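Notes follow once the structure below has been shown.
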Amino acid sequence: MAENINFTVTFVYGFNEVEARQSIWDELAFINRTTAASLSPWSVAGDFNQIMRTSNHSDYPASVIDISGMEDMNMALQDAELLEAQSKGSPFTWWNNQVDNPISKKIDHTLINQAWASTIPSLRRQSCKPFKFFHHVIDHPDYVATISEAWKPDQISGSDQFKLLRSLKCLKKDLRRLNKTHFSGITQRVKEQSTVVEGLQLSLLSSPDRVTAEQEHQERAKLNMLLTAEQKFYRQRSRVRWADVGDRNTPFFHKTVAQRVTRNHIHFLKDENEQFIGTAAGIKAHSAHYFKRILGHTYMADSPATLRSYKGC
């Protein structure tokens, strides 16, 4: 950790009743709105007596669980601009101490703000992210042509499964290029295109002519496409219920996107006997065994394709 850092830690012990916990949510939002805690690293930790999502309950998804208070907590954390910190170890922090009907829950949480995650590196995970398909790419006029040109399984030698995997890999390159060419730095593109449209509209208000009007329609259509792409991009990346919060592309969604890396990690799995697997080696072995059972084994003869043809994708 870097030296000379001022930070704030708030400790919480939640009430047992859902209605009584509302005062905690209001207080967190008040602290973020009115104090200097939001301007420096801030963490909120403790026993909240509340699950944040259904997976925090051991009975999910086998049975219907009590989700009262979950909505209040998640909405309050959005108001307070707090996000869940990365955690390791047991998936639950409490159990009901009952032999006949044992239930475990995760009701203890550690929350952080954007300043904390940016300043204290121990809570950030450095990882190589896999290819991700972004929904906004579908709206581009060149999308269908890009797919048609890249998807050529008949030109690949091997089993059907091999052809599918190679076709998908070759397609990644073209989709990445399409996204980078037309949508990289989407927020900056929206700002620049808005300036262009505003300039044309001012010209039409002072001295209208047919050429400027046609140009304004073309540039405005491009701006609308970029605005839709920006909304889809942040909605897909943030994974927060967009419509419930209100304004499009609020700063909180940008911060939420930055924090997705802290949750984009498999901490544990359950096997067919409902036993938790928490070690990295155990997770790898169980995953490999699971997909081998589904896909089976395929005899693959030596491929006539050359190494150079692989490097081309």
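Simple scheme: letters A, B, ... for chains in structure tokens order, numbers from 1 for residues in each chain, numbers from 1 for ligands in the order shown.
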
- [ ] Find the spatial neighbours of Gln193 in chain A, counting only C-alpha atoms, within a cut-off of 8 Å - ignore same-chain residues fewer than 6 positions away - and output them as a list in words.
- [x] Glu219, Lys222 and Leu223 of chain A

Restricting the output to N, CA and C atoms, write the selected residues as a CSV table (one decimal), in the first residue's frame.
chain,number,residue,atom,x,y,z
A,219,GLU,N,-25.6,13.4,-40.0
A,219,GLU,CA,-24.8,13.4,-38.8
A,219,GLU,C,-25.6,13.1,-37.6
A,222,LYS,N,-26.0,9.4,-37.3
A,222,LYS,CA,-24.8,8.8,-36.7
A,222,LYS,C,-24.7,9.0,-35.2
A,223,LEU,N,-25.1,10.3,-34.8
A,223,LEU,CA,-25.1,10.5,-33.4
A,223,LEU,C,-26.1,9.6,-32.6

- [ ] Would you list, as a ChimeraX atom specification, the residues of range 4-195 of chain A that end up in helix (DSSP H, G or I) under DSSP run on this structure's backbone?
- [x] /A:18-34,36-39,54-56,70-80,114-119,121-123,135-139,143-150,153-155,160-183,186-195

Open item on the list: I'd like the contact shell of Gly199 in chain A - 12 Å cut-off, only C-alpha atoms, skipping same-chain residues fewer than 2 positions apart - returned as a list in words.
Closed with: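 So, after excluding close chain neighbours, the residues are Glu192, Gln193, Ser194, Thr195, Val196, Val197, Gln201, Leu202, Ser203, Leu204, Leu205, Ser206, Thr212, Ala213, Gln215, Glu216, Glu219 and Arg220 of chain A.
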
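CA of Ile107 in chain A is found 18.6 Å from CA of Ala80 in chain A.
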
Task: Spatial neighbours of Asn16 in chain A, 8 Å, only C-alpha atoms, chain gap at least 3 places, as a ChimeraX atom specification - done: /A:20-21,49

Open item on the list: For the structure I just gave you, how does DSSP split range 65-249 of chain A - specifically, which residues are strand (DSSP E)? Reply as a PyMOL selection string.
Closed with: chain A and resi 83-84+94-95+104-105+108-112

Open item on the list: When you look at range 140-143 of chain A with a cut-off of 8 Å (counting only C-alpha atoms), what residues show up, excluding the ones that are within fewer than 4 positions of it in the same chain? I need them as a PyMOL selection string.
Closed with: chain A and resi 136+147+178

Task: Residue with smallest distance to Thr10 in chain A - pool A:Thr110, A:Gln22, A:Ser148, A:Ser40, counting only C-alpha atoms - done: A:Thr110

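Those residues that approach Gly69 in chain A to within 10 Å, counting only C-alpha atoms, are A:Glu17, A:Val18, A:Glu19, A:Arg21, A:Gln22, A:Asn49, A:Gln50, A:Ile51, A:Met52, A:Asn74; same-chain residues fewer than 5 positions away are not listed.
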
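Taking only C-alpha atoms into account, Ser90 in chain A lies nearest to A:Asn56 out of the set A:Asn273, A:Thr119, A:Asn56, A:Gln188.
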
Task: Nearest to Phe276 in chain A, chosen from A:Met73, A:Ser157, A:Pro91, A:Ala117, with only C-alpha atoms counted in the distances - done: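 Nearest to Phe276 in chain A: A:Pro91.
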
TODO: May I ask for the distance between CA of Thr187 in chain A and CA of Phe233 in chain A, given in Å to one decimal place?
DONE: 10.0 Å

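Across the model, the gap from CA of His109 in chain A to CA of Asp47 in chain A is 6.7 Å.
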
Task: Using only C-alpha atoms: which of A:Asp160, A:Lys106, A:Ala29, A:Ala281 has the shortest distance to Arg53 in chain A - done: A:Lys106

I'd like the neighbourhood of Ala37 in chain A as a short mmCIF file (atom, residue, chain, number, x, y, z; two decimals) with C-alpha atoms, in the first residue's frame, where a residue qualifies if any of its atoms comes within 9 Å (using only C-alpha atoms), though same-chain residues fewer than 5 positions away should be ignored.
data_model
loop_
_atom_site.label_atom_id
_atom_site.label_comp_id
_atom_site.auth_asym_id
_atom_site.auth_seq_id
_atom_site.Cartn_x
_atom_site.Cartn_y
_atom_site.Cartn_z
CA PHE A 7 -8.94 6.67 4.30
CA THR A 8 -12.23 6.11 6.11
CA VAL A 9 -13.62 2.81 7.38
CA ILE A 31 -22.37 10.18 4.39
CA ASN A 32 -21.58 9.90 0.70
CA TRP A 42 -13.89 4.73 1.92
#

Task: Pick from A:Gln78, A:Gly278, A:Leu175, A:Gln86 nearest to Phe134 in chain A, counting only C-alpha atoms - done: A:Leu175
